[in-house]
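File shown here: work-v3.csv, holding CSV, C-alpha atoms and all ligand atoms.
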```csv
chain,number,residue,atom,x,y,z
A,1,MET,CA,-11.6,-26.3,-5.7
A,2,LEU,CA,-10.1,-24.0,-8.4
A,3,SER,CA,-8.8,-25.7,-11.5
A,4,LYS,CA,-5.0,-25.4,-11.7
A,5,ASN,CA,-5.4,-24.6,-15.5
A,6,LEU,CA,-7.1,-21.3,-14.9
A,7,ARG,CA,-5.3,-18.2,-16.4
A,8,ILE,CA,-5.2,-15.9,-13.3
A,9,PHE,CA,-4.3,-12.2,-13.5
A,10,VAL,CA,-2.7,-11.0,-10.3
A,11,ALA,CA,-3.1,-7.2,-10.5
A,12,GLY,CA,-0.6,-5.5,-8.2
A,13,HIS,CA,1.9,-8.4,-8.1
A,14,THR,CA,4.8,-6.2,-7.1
A,15,GLY,CA,3.0,-5.2,-3.9
A,16,MET,CA,3.0,-6.9,-0.5
A,17,VAL,CA,-0.3,-8.7,-1.1
A,18,GLY,CA,0.1,-9.4,-4.8
A,19,SER,CA,3.6,-10.8,-4.4
A,20,ALA,CA,2.3,-13.1,-1.5
A,21,VAL,CA,-0.6,-14.3,-3.7
A,22,LEU,CA,1.8,-15.0,-6.5
A,23,ARG,CA,4.2,-17.0,-4.2
A,24,HIS,CA,1.3,-18.9,-2.7
A,25,PHE,CA,-0.6,-19.7,-5.9
A,26,LYS,CA,2.7,-20.9,-7.5
A,27,GLN,CA,3.4,-23.1,-4.5
A,28,GLU,CA,-0.1,-24.6,-4.8
A,29,GLY,CA,0.6,-25.6,-8.4
A,30,PHE,CA,-1.1,-22.8,-10.5
A,31,GLU,CA,1.0,-22.4,-13.6
A,32,HIS,CA,-0.8,-19.8,-15.6
A,33,LEU,CA,-0.3,-16.7,-13.6
A,34,VAL,CA,-0.4,-13.5,-15.6
A,35,THR,CA,1.3,-10.4,-14.3
A,36,ARG,CA,2.0,-6.8,-15.6
A,37,THR,CA,4.1,-4.1,-13.9
A,38,ARG,CA,2.6,-0.6,-13.8
A,39,GLN,CA,5.0,0.4,-16.6
A,40,GLU,CA,3.6,-2.4,-18.8
A,41,LEU,CA,-0.1,-1.8,-17.9
A,42,ASP,CA,-1.2,1.3,-16.0
A,43,LEU,CA,-4.5,0.2,-14.5
A,44,LEU,CA,-5.6,3.9,-14.4
A,45,ASP,CA,-5.7,3.8,-18.2
A,46,GLN,CA,-9.1,2.3,-19.1
A,47,GLN,CA,-8.3,1.8,-22.8
A,48,ALA,CA,-5.1,-0.1,-22.0
A,49,VAL,CA,-7.0,-2.2,-19.5
A,50,ARG,CA,-9.6,-3.0,-22.1
A,51,VAL,CA,-7.0,-4.1,-24.6
A,52,PHE,CA,-5.3,-6.3,-22.0
A,53,PHE,CA,-8.5,-8.2,-21.0
A,54,GLN,CA,-9.7,-8.5,-24.6
A,55,THR,CA,-6.4,-10.1,-25.7
A,56,GLU,CA,-5.3,-12.1,-22.7
A,57,ALA,CA,-8.1,-14.7,-22.2
A,58,ILE,CA,-8.0,-14.3,-18.4
A,59,ASP,CA,-10.3,-16.7,-16.4
A,60,LEU,CA,-9.9,-15.2,-12.9
A,61,VAL,CA,-8.6,-11.9,-11.5
A,62,ILE,CA,-7.1,-11.2,-8.1
A,63,LEU,CA,-7.4,-7.4,-7.7
A,64,ALA,CA,-4.5,-6.5,-5.3
A,65,ALA,CA,-3.5,-3.3,-7.1
A,66,ALA,CA,-4.4,-0.1,-5.2
A,67,LYS,CA,-3.0,3.1,-3.7
A,68,VAL,CA,-2.2,2.1,-0.1
A,69,GLY,CA,-0.7,4.0,2.8
A,70,GLY,CA,-0.8,4.9,6.5
A,71,ILE,CA,-2.5,7.8,8.3
A,72,GLU,CA,0.0,10.4,7.0
A,73,ALA,CA,-0.2,9.4,3.4
A,74,ASN,CA,-4.1,9.3,3.6
A,75,ARG,CA,-4.1,12.8,5.2
A,76,SER,CA,-1.7,14.3,2.6
A,77,PHE,CA,-3.1,12.8,-0.6
A,78,PRO,CA,-6.9,12.3,-0.1
A,79,ALA,CA,-7.7,13.1,-3.7
A,80,GLU,CA,-5.2,10.5,-5.0
A,81,PHE,CA,-6.5,7.9,-2.6
A,82,ILE,CA,-10.1,8.2,-3.7
A,83,TYR,CA,-9.5,8.8,-7.4
A,84,GLU,CA,-6.9,6.1,-8.0
A,85,ASN,CA,-8.6,3.5,-6.0
A,86,LEU,CA,-12.0,4.2,-7.7
A,87,ALA,CA,-10.4,4.3,-11.2
A,88,VAL,CA,-8.3,1.1,-10.9
A,89,THR,CA,-11.3,-0.8,-9.4
A,90,VAL,CA,-13.8,0.4,-12.0
A,91,ASN,CA,-11.4,-0.3,-14.9
A,92,VAL,CA,-10.4,-3.7,-13.8
A,93,VAL,CA,-13.9,-4.9,-12.7
A,94,HIS,CA,-15.7,-3.5,-15.7
A,95,GLU,CA,-13.2,-4.5,-18.4
A,96,SER,CA,-12.9,-8.0,-16.8
A,97,PHE,CA,-16.7,-8.3,-17.1
A,98,SER,CA,-16.7,-7.0,-20.7
A,99,ALA,CA,-14.1,-9.6,-21.7
A,100,GLY,CA,-16.1,-12.4,-20.2
A,101,VAL,CA,-14.1,-13.0,-16.9
A,102,ARG,CA,-16.5,-14.7,-14.6
A,103,GLN,CA,-14.4,-14.8,-11.4
A,104,LEU,CA,-12.7,-12.0,-9.5
A,105,LEU,CA,-11.5,-11.3,-6.0
A,106,PHE,CA,-11.5,-7.7,-4.8
A,107,LEU,CA,-9.2,-6.7,-2.0
A,108,GLY,CA,-10.9,-4.3,0.3
A,109,SER,CA,-9.8,-3.2,3.8
A,110,SER,CA,-11.2,-3.2,7.4
A,111,CYS,CA,-11.3,0.6,7.2
A,112,ILE,CA,-14.6,0.3,5.3
A,113,TYR,CA,-16.3,-0.3,8.7
A,114,PRO,CA,-17.8,2.5,10.9
A,115,LYS,CA,-15.2,4.2,13.1
A,116,LEU,CA,-17.2,3.3,16.3
A,117,GLY,CA,-18.7,0.1,15.0
A,118,PRO,CA,-19.6,-2.8,17.4
A,119,GLN,CA,-16.7,-5.0,18.2
A,120,PRO,CA,-15.8,-7.4,16.7
A,121,LEU,CA,-16.9,-6.0,13.3
A,122,LYS,CA,-19.0,-8.3,11.2
A,123,GLU,CA,-19.6,-8.1,7.5
A,124,GLU,CA,-23.2,-6.9,8.2
A,125,HIS,CA,-21.8,-3.8,9.9
A,126,LEU,CA,-20.8,-2.3,6.5
A,127,LEU,CA,-22.6,1.1,6.0
A,128,THR,CA,-24.1,1.3,9.5
A,129,GLY,CA,-22.2,4.4,10.7
A,130,PRO,CA,-19.7,7.2,10.0
A,131,LEU,CA,-16.2,6.3,8.8
A,132,GLU,CA,-12.9,7.2,10.4
A,133,PRO,CA,-12.3,10.7,8.9
A,134,THR,CA,-8.5,10.3,8.3
A,135,ASN,CA,-9.0,7.6,5.7
A,136,GLU,CA,-12.5,8.2,4.6
A,137,PRO,CA,-11.7,8.9,0.9
A,138,TYR,CA,-9.8,5.5,0.7
A,139,ALA,CA,-12.6,3.7,2.6
A,140,VAL,CA,-15.3,5.1,0.3
A,141,ALA,CA,-13.4,3.9,-2.8
A,142,LYS,CA,-13.1,0.4,-1.2
A,143,ILE,CA,-16.9,0.4,-0.3
A,144,ALA,CA,-17.6,1.3,-3.9
A,145,GLY,CA,-15.5,-1.6,-5.0
A,146,ILE,CA,-17.5,-4.0,-2.9
A,147,LYS,CA,-20.8,-2.6,-4.2
A,148,LEU,CA,-19.5,-2.8,-7.8
A,149,CYS,CA,-18.8,-6.5,-7.4
A,150,GLN,CA,-22.2,-7.1,-5.7
A,151,ALA,CA,-24.0,-5.2,-8.4
A,152,TYR,CA,-22.4,-7.2,-11.3
A,153,ASN,CA,-23.1,-10.4,-9.4
A,154,ARG,CA,-26.8,-9.5,-9.0
A,155,GLN,CA,-27.3,-8.3,-12.6
A,156,TYR,CA,-25.0,-10.7,-14.5
A,157,SER,CA,-24.5,-13.7,-12.1
A,158,THR,CA,-20.8,-13.2,-12.0
A,159,ARG,CA,-18.7,-14.5,-9.1
A,160,TYR,CA,-17.0,-11.3,-8.0
A,161,LEU,CA,-16.1,-11.8,-4.3
A,162,SER,CA,-14.5,-9.4,-1.8
A,163,VAL,CA,-12.2,-9.9,1.1
A,164,MET,CA,-11.7,-7.4,3.9
A,165,PRO,CA,-8.3,-7.9,5.4
A,166,THR,CA,-7.2,-6.5,8.7
A,167,ASN,CA,-3.8,-4.8,9.0
A,168,LEU,CA,-1.3,-6.9,7.0
A,169,TYR,CA,2.5,-7.3,7.3
A,170,GLY,CA,5.2,-9.4,5.9
A,171,PRO,CA,7.7,-9.5,3.0
A,172,ASN,CA,7.6,-6.6,0.5
A,173,ASP,CA,6.0,-4.2,3.0
A,174,ASN,CA,6.4,-0.5,2.6
A,175,TYR,CA,9.1,0.8,5.0
A,176,ASP,CA,9.1,4.5,3.8
A,177,LEU,CA,8.5,6.3,7.2
A,178,ARG,CA,6.4,9.0,5.5
A,179,THR,CA,3.8,6.6,4.1
A,180,SER,CA,4.1,3.2,5.9
A,181,HIS,CA,1.6,1.4,8.1
A,182,VAL,CA,2.2,1.0,11.8
A,183,LEU,CA,3.9,-2.4,12.0
A,184,PRO,CA,6.6,-1.8,9.3
A,185,ALA,CA,7.2,1.7,10.7
A,186,LEU,CA,7.8,0.2,14.2
A,187,ILE,CA,10.2,-2.4,12.8
A,188,ARG,CA,12.2,0.2,11.0
A,189,LYS,CA,12.2,2.8,13.8
A,190,PHE,CA,13.3,0.4,16.4
A,191,HIS,CA,15.9,-1.1,14.1
A,192,LEU,CA,17.4,2.3,13.4
A,193,ALA,CA,17.2,3.2,17.1
A,194,LYS,CA,19.2,0.0,18.0
A,195,LEU,CA,21.8,1.0,15.4
A,196,ALA,CA,22.0,4.5,17.0
A,197,GLN,CA,22.4,3.0,20.5
A,198,GLN,CA,25.3,1.0,19.1
A,199,GLY,CA,26.8,4.0,17.4
A,200,ASP,CA,26.5,2.1,14.1
A,201,TRP,CA,26.1,5.1,11.8
A,202,ASP,CA,27.3,3.1,8.8
A,203,GLY,CA,24.4,0.7,9.4
A,204,ILE,CA,22.0,3.7,9.4
A,205,ALA,CA,23.5,5.0,6.2
A,206,ALA,CA,23.1,1.5,4.6
A,207,ASP,CA,19.5,1.3,5.8
A,208,GLN,CA,18.8,4.7,4.2
A,209,GLN,CA,20.3,3.5,0.9
A,210,HIS,CA,18.1,0.5,0.8
A,211,TRP,CA,14.8,1.7,2.3
A,212,GLY,CA,14.9,5.4,1.4
A,213,ALA,CA,15.4,8.7,3.2
A,214,ILE,CA,14.8,9.0,6.9
A,215,PRO,CA,12.8,12.1,7.7
A,216,ASP,CA,14.9,14.8,9.5
A,217,ASP,CA,13.0,14.7,12.8
A,218,ILE,CA,13.7,11.0,13.1
A,219,LEU,CA,17.3,11.5,12.2
A,220,ALA,CA,17.6,14.1,14.9
A,221,GLY,CA,16.0,11.6,17.3
A,222,LEU,CA,18.5,8.9,16.4
A,223,ALA,CA,21.4,11.4,17.1
A,224,GLY,CA,19.8,11.9,20.6
A,225,ILE,CA,19.7,8.2,21.2
A,226,GLY,CA,23.2,7.7,20.0
A,227,GLU,CA,24.5,10.6,22.1
A,228,ALA,CA,22.7,9.4,25.2
A,229,ALA,CA,24.5,6.1,24.8
A,230,GLY,CA,27.9,7.9,24.5
A,231,HIS,CA,28.3,7.8,20.7
A,232,ARG,CA,28.9,11.1,18.9
A,233,SER,CA,27.0,11.4,15.6
A,234,PRO,CA,29.3,11.8,12.6
A,235,PHE,CA,26.6,13.8,10.8
A,236,PRO,CA,26.8,17.1,12.6
A,237,GLY,CA,24.7,18.9,10.0
A,238,ARG,CA,21.8,16.6,10.3
A,239,PHE,CA,22.0,15.1,13.8
A,240,GLN,CA,23.3,18.1,15.7
A,241,ASN,CA,20.2,18.9,17.8
A,242,GLY,CA,19.5,15.4,19.2
A,243,ALA,CA,15.9,14.4,20.0
A,244,ALA,CA,13.6,17.2,21.1
A,245,GLY,CA,11.9,16.3,24.3
A,246,GLY,CA,14.4,13.5,25.3
A,247,ALA,CA,16.2,10.6,23.7
A,248,GLY,CA,13.9,7.8,22.6
A,249,VAL,CA,11.9,6.4,19.8
A,250,ARG,CA,9.1,8.8,19.0
A,251,LEU,CA,5.9,7.0,18.1
A,252,TRP,CA,2.6,8.5,16.9
A,253,GLY,CA,-0.5,8.9,19.1
A,254,SER,CA,-1.1,7.5,22.6
A,255,GLY,CA,-0.3,3.8,22.0
A,256,ARG,CA,-3.8,3.0,23.4
A,257,PRO,CA,-5.8,2.0,20.3
A,258,TYR,CA,-6.2,-1.6,19.6
A,259,ARG,CA,-5.2,-3.1,16.2
A,260,GLU,CA,-5.3,-6.6,14.7
A,261,PHE,CA,-2.5,-7.9,12.4
A,262,LEU,CA,-2.3,-10.8,9.9
A,263,HIS,CA,0.7,-12.1,8.1
A,264,VAL,CA,0.4,-11.6,4.4
A,265,ASP,CA,1.1,-15.3,3.7
A,266,ASP,CA,-2.1,-16.1,5.7
A,267,MET,CA,-3.9,-13.5,3.6
A,268,ALA,CA,-2.7,-15.1,0.3
A,269,ASP,CA,-4.0,-18.5,1.7
A,270,ALA,CA,-7.3,-16.9,2.5
A,271,CYS,CA,-7.6,-15.5,-1.1
A,272,LEU,CA,-7.2,-19.0,-2.5
A,273,PHE,CA,-9.6,-20.4,0.0
A,274,VAL,CA,-12.3,-17.9,-0.8
A,275,MET,CA,-12.0,-18.3,-4.5
A,276,GLY,CA,-12.3,-22.1,-4.1
A,277,LEU,CA,-15.5,-21.9,-2.1
A,278,ASP,CA,-18.5,-23.7,-3.6
A,279,ALA,CA,-21.2,-21.4,-4.9
A,280,GLU,CA,-23.8,-22.6,-2.3
A,281,VAL,CA,-21.7,-21.6,0.7
A,282,ILE,CA,-20.7,-18.2,-0.5
A,283,GLY,CA,-23.8,-16.3,0.7
A,284,ASP,CA,-25.6,-13.3,-0.7
A,285,GLN,CA,-23.0,-10.6,-0.1
A,286,GLY,CA,-19.8,-12.4,-1.4
A,287,LEU,CA,-17.9,-10.5,1.3
A,288,PHE,CA,-15.5,-12.0,3.9
A,289,ASN,CA,-13.5,-10.5,6.7
A,290,VAL,CA,-10.0,-11.9,6.9
A,291,GLY,CA,-8.0,-11.5,10.1
A,292,CYS,CA,-6.7,-13.4,13.1
A,293,GLY,CA,-9.6,-12.6,15.4
A,294,GLN,CA,-7.3,-11.1,18.1
A,295,ASP,CA,-6.1,-7.6,18.6
A,296,LEU,CA,-3.6,-5.8,20.9
A,297,ARG,CA,-2.8,-2.3,22.0
A,298,ILE,CA,-0.3,-0.4,19.8
A,299,GLY,CA,1.7,0.2,22.9
A,300,ASP,CA,1.9,-3.6,23.5
A,301,LEU,CA,2.8,-4.1,19.8
A,302,ALA,CA,5.6,-1.6,20.2
A,303,THR,CA,7.0,-3.6,23.1
A,304,LEU,CA,6.8,-6.8,21.2
A,305,VAL,CA,8.6,-5.3,18.1
A,306,ALA,CA,11.3,-3.6,20.3
A,307,ASP,CA,12.0,-7.0,22.0
A,308,ILE,CA,12.3,-8.8,18.7
A,309,VAL,CA,14.5,-6.1,17.2
A,310,GLY,CA,16.6,-5.9,20.3
A,311,PHE,CA,16.1,-2.2,21.2
A,312,SER,CA,16.0,-1.5,24.9
A,313,GLY,CA,15.7,2.3,25.2
A,314,ALA,CA,12.7,4.6,25.8
A,315,VAL,CA,9.6,5.2,23.8
A,316,ILE,CA,8.1,8.7,23.6
A,317,TRP,CA,4.4,8.8,22.5
A,318,ASP,CA,3.6,11.9,20.4
A,319,ARG,CA,0.0,12.6,21.5
A,320,THR,CA,-0.2,15.6,19.0
A,321,GLN,CA,-0.6,12.9,16.3
A,322,PRO,CA,-3.9,11.2,15.7
A,323,ASP,CA,-4.8,7.7,17.0
A,324,GLY,CA,-7.3,6.8,14.3
A,325,THR,CA,-10.1,4.4,15.1
A,326,PRO,CA,-9.9,3.3,18.8
A,327,ARG,CA,-10.5,-0.4,18.0
A,328,LYS,CA,-11.3,-2.4,14.8
A,329,ARG,CA,-11.2,-6.1,15.4
A,330,LEU,CA,-12.7,-8.2,12.7
A,331,ASP,CA,-15.2,-11.0,13.3
A,332,ILE,CA,-13.8,-13.8,11.2
A,333,SER,CA,-16.4,-16.4,12.1
A,334,GLU,CA,-17.9,-16.4,8.6
A,335,LEU,CA,-14.7,-17.6,7.1
A,336,ARG,CA,-13.9,-19.9,10.1
A,337,ARG,CA,-17.3,-21.6,9.7
A,338,ARG,CA,-16.4,-22.4,6.1
A,339,GLY,CA,-13.1,-24.0,7.2
A,340,TRP,CA,-10.4,-21.3,7.1
A,341,SER,CA,-8.2,-20.1,9.9
A,342,PRO,CA,-4.8,-18.3,10.1
A,343,LYS,CA,-1.6,-20.2,10.8
A,344,ILE,CA,1.1,-17.7,11.6
A,345,ALA,CA,1.0,-16.2,15.2
A,346,LEU,CA,1.9,-12.5,15.6
A,347,GLU,CA,5.3,-13.0,17.4
A,348,GLU,CA,6.4,-15.6,14.9
A,349,GLY,CA,5.3,-13.5,12.0
A,350,VAL,CA,7.1,-10.4,13.3
A,351,ARG,CA,10.3,-12.4,13.8
A,352,ARG,CA,10.1,-13.7,10.2
A,353,THR,CA,9.4,-10.2,8.9
A,354,TYR,CA,12.4,-8.7,10.8
A,355,THR,CA,14.7,-11.4,9.5
A,356,THR,CA,13.5,-10.6,5.9
A,357,TYR,CA,14.0,-6.9,6.6
A,358,LEU,CA,17.6,-7.5,7.6
A,359,ALA,CA,18.3,-9.8,4.7
A,360,ASP,CA,16.9,-7.3,2.2
A,361,THR,CA,19.0,-4.5,3.7
A,362,ARG,CA,22.2,-6.6,3.4
A,363,ARG,CA,21.3,-7.6,-0.2
A,364,ARG,CA,22.6,-4.3,-1.7
B,1,LIG,N1,-1.2,-3.5,3.5
B,1,LIG,C1,-2.2,-3.7,4.3
B,1,LIG,O1,-2.0,-3.7,5.6
B,1,LIG,C2,-3.6,-3.9,3.8
B,1,LIG,C3,-4.6,-4.1,4.7
B,1,LIG,C4,-5.9,-4.3,4.3
B,1,LIG,C5,-6.1,-4.3,2.9
B,1,LIG,N2,-5.1,-4.2,2.0
B,1,LIG,C6,-5.5,-4.2,0.6
B,1,LIG,O2,-4.7,-5.1,-0.1
B,1,LIG,C7,-4.4,-4.6,-1.4
B,1,LIG,C8,-2.9,-4.6,-1.7
B,1,LIG,O3,-2.3,-3.8,-0.7
B,1,LIG,P1,-0.7,-3.9,-0.6
B,1,LIG,O4,-0.4,-3.7,0.8
B,1,LIG,O5,-0.1,-5.1,-1.2
B,1,LIG,O6,-0.3,-2.6,-1.4
B,1,LIG,P2,1.1,-2.3,-2.1
B,1,LIG,O7,2.2,-3.0,-1.5
B,1,LIG,O8,1.3,-0.8,-2.1
B,1,LIG,O9,0.9,-2.8,-3.6
B,1,LIG,C9,0.0,-2.2,-4.5
B,1,LIG,C10,0.3,-2.7,-5.8
B,1,LIG,O10,-0.6,-2.1,-6.7
B,1,LIG,C11,0.1,-1.6,-7.9
B,1,LIG,N3,-0.6,-0.5,-8.5
B,1,LIG,C12,-1.1,0.6,-7.8
B,1,LIG,N4,-1.6,1.5,-8.7
B,1,LIG,C13,-1.4,0.9,-9.9
B,1,LIG,C14,-1.7,1.3,-11.3
B,1,LIG,N5,-2.3,2.4,-11.5
B,1,LIG,N6,-1.4,0.4,-12.3
B,1,LIG,C15,-0.8,-0.7,-12.1
B,1,LIG,N7,-0.5,-1.2,-10.8
B,1,LIG,C16,-0.8,-0.4,-9.8
B,1,LIG,C17,1.5,-1.3,-7.3
B,1,LIG,O11,2.4,-1.2,-8.3
B,1,LIG,P3,3.7,-0.2,-8.1
B,1,LIG,O12,4.5,-0.9,-7.1
B,1,LIG,O13,4.3,-0.1,-9.5
B,1,LIG,O14,3.2,1.1,-7.6
B,1,LIG,C18,1.7,-2.5,-6.4
B,1,LIG,O15,2.1,-3.6,-7.1
B,1,LIG,C19,-5.0,-3.2,-1.5
B,1,LIG,O16,-6.3,-3.2,-2.1
B,1,LIG,C20,-5.2,-2.8,0.0
B,1,LIG,O17,-6.3,-2.0,0.2
B,1,LIG,C21,-3.8,-4.0,2.4
```
The structure given in the file should be rewritten as structure tokens.
Amino acid sequence: MLSKNLRIFVAGHTGMVGSAVLRHFKQEGFEHLVTRTRQELDLLDQQAVRVFFQTEAIDLVILAAAKVGGIEANRSFPAEFIYENLAVTVNVVHESFSAGVRQLLFLGSSCIYPKLGPQPLKEEHLLTGPLEPTNEPYAVAKIAGIKLCQAYNRQYSTRYLSVMPTNLYGPNDNYDLRTSHVLPALIRKFHLAKLAQQGDWDGIAADQQHWGAIPDDILAGLAGIGEAAGHRSPFPGRFQNGAAGGAGVRLWGSGRPYREFLHVDDMADACLFVMGLDAEVIGDQGLFNVGCGQDLRIGDLATLVADIVGFSGAVIWDRTQPDGTPRKRLDISELRRRGWSPKIALEEGVRRTYTTYLADTRRR
């Protein structure tokens, strides 16, 4: 059990995981939660990170700050993904250590495991085969983070643990269609397509204002969907060509790969659970998979999201785009054996997330 008096630094508290950790720890009665925005403390700046830890008397760190993104973002910015993730991790772990912080939780990712690893993936499968090339720089930085924590534990008897979450979703997710992960992208694409089917161009404009620009090819697709439903687009300059290859929601890849999803509130609960584990049950590696133990095809996920959002039109799979790893289901038996299990089922979690998405869009 963690003492409620600990001073806990939640690094990356404005992000999806960090904000969920903050909510959950507050709910559980932790009162000394320390946060810094990127403007207040750029974690790439080693000197600033040093001064922060030397002056703030932190007891425990949750390291949820990172450069995160989907396949397209990883493909476009591989240098930033490896550099920023390595630098933030090295700065926070080392400066925590130098300031005497004995407890830290590092947020890794399931992409650290081999592309064609045995299913479900166990913690012991780390570094047993080649990685998925599209996000290899990011995965290598995450693996370095795990090894950094393990090395400090071995040499200095710290308690620097790592969790490897599966794909997460929930409040404060990234809905920018150029950089988002699959589930938020599906929610936004189907929502926009539903608005186009209804001819609700004002709704589309409001969505853009809140969540950011919609790429031109998707705008053209929305015009096609609207026009197929008998609604003329009021944006002739941008919507004039309709959807190339038919009216429908265009999704990346074949829809055949399997993925696993966990609501971020369950993830926050797992973070607290892992940091509260007794030393004797942690094990040598200090590394825990966190998932729901079940996966589904992206095609089936798309059907689920379309149903929840209320879009009834066609889906067009763009097979020129990469599928990524065919399957990566996590084996969560290590954490289950110690008493943790997820509580939010996928359908319920997506419903909640879509409700939050709509509320956030209206909040402008
Ligand atoms: N999302 C997922 O599906 C998923 C799955 C597996 C693992 N994870 C892991 O969970 C962790 C958090 O992911 P997330 O989805 O919550 O990401 P996110 O929403 O993008 O949040 C990242 C956070 O890190 C902060 N940050 C990044 N660089 C920083 C810097 N140089 N200085 C200060 N703050 C910085 C961001 O601040 P700004 O907002 O100011 O940029 C933001 O608060 C990551 O380690 C990620 O690998 C996520």
Rows by chain and residue number, chain A within 7 Å of ligand LIG 1 (chain B), shortest pair, all atoms listed in the file, as CSV:
```
residue,atom,partner,partner_atom,distance
A:Ala11,CA,B:LIG1,N7,6.5
A:Gly12,CA,B:LIG1,O15,3.5
A:His13,CA,B:LIG1,O15,4.9
A:Thr14,CA,B:LIG1,O15,3.7
A:Gly15,CA,B:LIG1,O9,3.2
A:Met16,CA,B:LIG1,O5,3.7
A:Val17,CA,B:LIG1,O5,3.6
A:Gly18,CA,B:LIG1,O5,5.6
A:Thr37,CA,B:LIG1,O13,5.9
A:Arg38,CA,B:LIG1,C15,3.8
A:Leu41,CA,B:LIG1,C15,5.9
A:Asp42,CA,B:LIG1,N6,3.8
A:Leu43,CA,B:LIG1,N6,3.8
A:Leu44,CA,B:LIG1,N5,4.6
A:Ala64,CA,B:LIG1,C7,4.3
A:Ala65,CA,B:LIG1,O10,3.2
A:Ala66,CA,B:LIG1,C12,4.3
A:Lys67,CA,B:LIG1,C12,5.2
A:Val68,CA,B:LIG1,O8,5.0
A:Glu84,CA,B:LIG1,N5,6.9
A:Val88,CA,B:LIG1,N5,6.2
A:Leu107,CA,B:LIG1,O16,4.5
A:Gly108,CA,B:LIG1,O17,5.1
A:Ser109,CA,B:LIG1,C5,4.0
A:Ser110,CA,B:LIG1,C4,6.2
A:Met164,CA,B:LIG1,C5,6.5
A:Pro165,CA,B:LIG1,C4,4.5
A:Thr166,CA,B:LIG1,C4,5.1
A:Asn167,CA,B:LIG1,O1,4.0
A:Leu168,CA,B:LIG1,O1,3.6
A:Tyr169,CA,B:LIG1,O1,6.0
A:Asn172,CA,B:LIG1,O7,6.8
A:Asp173,CA,B:LIG1,O7,6.0
A:Asn174,CA,B:LIG1,O7,6.4
A:His181,CA,B:LIG1,O1,6.7
```
Range 311-318 of chain A: which residues within 12 Å, counting only C-alpha atoms, same-chain residues fewer than 2 positions away excluded, as a VMD selection string? chain A and resid 186 to 198 221 to 222 224 to 226 228 to 229 243 to 256 298 to 300 302 to 309 320 to 323
Pull the neighbourhood of (-12.1, -6.3, 9.5) for me: all residues within 10 Å in file coordinates, counting all atoms listed in the file, as a ChimeraX atom specification. /A:108-113,119-123,163-167,260,288-293,328-332
Expected file contents, prior selection, C-alpha atoms, as a tab-separated table (two decimals), keeping the file's coordinate frame:
```
chain	number	residue	atom	x	y	z
A	108	GLY	CA	-10.90	-4.30	0.30
A	109	SER	CA	-9.80	-3.20	3.80
A	110	SER	CA	-11.20	-3.20	7.40
A	111	CYS	CA	-11.30	0.60	7.20
A	112	ILE	CA	-14.60	0.30	5.30
A	113	TYR	CA	-16.30	-0.30	8.70
A	119	GLN	CA	-16.70	-5.00	18.20
A	120	PRO	CA	-15.80	-7.40	16.70
A	121	LEU	CA	-16.90	-6.00	13.30
A	122	LYS	CA	-19.00	-8.30	11.20
A	123	GLU	CA	-19.60	-8.10	7.50
A	163	VAL	CA	-12.20	-9.90	1.10
A	164	MET	CA	-11.70	-7.40	3.90
A	165	PRO	CA	-8.30	-7.90	5.40
A	166	THR	CA	-7.20	-6.50	8.70
A	167	ASN	CA	-3.80	-4.80	9.00
A	260	GLU	CA	-5.30	-6.60	14.70
A	288	PHE	CA	-15.50	-12.00	3.90
A	289	ASN	CA	-13.50	-10.50	6.70
A	290	VAL	CA	-10.00	-11.90	6.90
A	291	GLY	CA	-8.00	-11.50	10.10
A	292	CYS	CA	-6.70	-13.40	13.10
A	293	GLY	CA	-9.60	-12.60	15.40
A	328	LYS	CA	-11.30	-2.40	14.80
A	329	ARG	CA	-11.20	-6.10	15.40
A	330	LEU	CA	-12.70	-8.20	12.70
A	331	ASP	CA	-15.20	-11.00	13.30
A	332	ILE	CA	-13.80	-13.80	11.20
```
Nearest to Thr158 in chain A: which of A:His231, A:His94, A:His24, A:His32 is it, counting all atoms listed in the file? A:His94
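The space between CA of Ser333 in chain A and CA of Gly145 in chain A spans 22.6 Å.
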For Val21 in chain A, please output as a VMD selection string all residues within 9 Å (counting all atoms listed in the file; exclusion window: fewer than 6 positions along the same chain). chain A and resid 10 13 62 64 264 to 265 267 to 269 271 to 272
Name all residues at most 10 Å from Thr179 in chain A (count only C-alpha atoms; drop same-chain ones fewer than 3 positions away) and give them as JSON, numbers by chain. {"A": [68, 69, 70, 71, 72, 73, 74, 76, 174, 175, 176, 182, 185]}
Between CA of Ser233 in chain A and CA of Gly203 in chain A, measure the distance and give it in Å to one decimal. 12.6 Å
